[in-house]
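Accompanying notes for the structure given below.
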Amino acid sequence: MKLCKIFYLASNFFPKDEMFGLTLQSRRSLYSIPSNIAEGAGHDTNAQFSHFLNIALGSSF
């Protein structure tokens with residue numbers, strides 16, 4: 001979550017013409033990482049948790 005906050009503040013300095021392109025896409029992918037980890041942690045099995053960790057890893061790329 002700390003990384004999300006840092007990136008969100010830094011992305012305010014991206015070019016304004018990228019607000020709905022690169023900036024928005026980057027913010028969404030960054031916030032999906034902790035969201036998927038939290039969602040996976042709420043599931044019953046390690047396999048389900050692993051699945052959500054893989055989704056979070058994909059968002060980091």
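Labels used: A, B, ... for chains in the order of the structure tokens, numbers from 1 for residues in each chain, and numbers from 1 for ligands as shown.
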Once you count only C-alpha atoms, what closest atom pair and distance in Å to one decimal does each residue of segment 6-29 of chain A within 10 Å of segment 54-61 of chain A have, with rows by chain and rising residue number, as JSON lines?
{"residue": "A:Ser26", "atom": "CA", "partner": "A:Ser59", "partner_atom": "CA", "distance": 9.4}
{"residue": "A:Arg28", "atom": "CA", "partner": "A:Ser59", "partner_atom": "CA", "distance": 8.9}
{"residue": "A:Ser29", "atom": "CA", "partner": "A:Ser59", "partner_atom": "CA", "distance": 5.3}
Okay, now the selection with all heavy atoms, as an mmCIF file, in the first residue's frame?
data_model
loop_
_atom_site.group_PDB
_atom_site.id
_atom_site.type_symbol
_atom_site.label_atom_id
_atom_site.label_comp_id
_atom_site.auth_asym_id
_atom_site.auth_seq_id
_atom_site.Cartn_x
_atom_site.Cartn_y
_atom_site.Cartn_z
ATOM 1 N N SER A 26 -1.394 2.639 -15.305
ATOM 2 C CA SER A 26 -0.377 2.345 -14.294
ATOM 3 C C SER A 26 -0.970 2.316 -12.896
ATOM 4 O O SER A 26 -0.662 1.430 -12.099
ATOM 5 C CB SER A 26 0.739 3.391 -14.338
ATOM 6 O OG SER A 26 1.378 3.385 -15.583
ATOM 7 N N ARG A 28 -4.102 1.721 -12.053
ATOM 8 C CA ARG A 28 -4.987 0.562 -11.898
ATOM 9 C C ARG A 28 -4.198 -0.721 -11.666
ATOM 10 O O ARG A 28 -4.555 -1.533 -10.815
ATOM 11 C CB ARG A 28 -5.858 0.395 -13.137
ATOM 12 C CG ARG A 28 -7.082 1.219 -13.099
ATOM 13 C CD ARG A 28 -8.060 0.672 -14.110
ATOM 14 N NE ARG A 28 -8.589 1.786 -14.881
ATOM 15 C CZ ARG A 28 -9.238 1.671 -16.005
ATOM 16 N NH1 ARG A 28 -9.426 0.497 -16.547
ATOM 17 N NH2 ARG A 28 -9.714 2.715 -16.615
ATOM 18 N N SER A 29 -3.138 -0.912 -12.448
ATOM 19 C CA SER A 29 -2.365 -2.145 -12.283
ATOM 20 C C SER A 29 -1.661 -2.162 -10.937
ATOM 21 O O SER A 29 -1.569 -3.210 -10.294
ATOM 22 C CB SER A 29 -1.358 -2.316 -13.418
ATOM 23 O OG SER A 29 -0.370 -1.312 -13.394
#
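Excluding Ser11 of chain A itself and any same-chain residue fewer than 5 positions from it, the protein and nucleic acid residues within 12 Å of it, counting only C-alpha atoms, are Leu3, Cys4, Lys5, Ile6, Lys16, Glu18, Met19, Phe20, Gly21, Leu22, Thr23, Leu24, Gln25, Ser26, Arg27, Arg28 and Leu30 of chain A.
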- Check chain A with DSSP on the backbone and list each residue it calls alpha helix (DSSP H), as number ranges by chain. A: 2-10, 24-41, 46-60
- Query: Which value, in Å to one decimal, gives the distance between atom CA of Phe49 of chain A and atom CA of Asn36 of chain A?
  - Reply: 9.1 Å
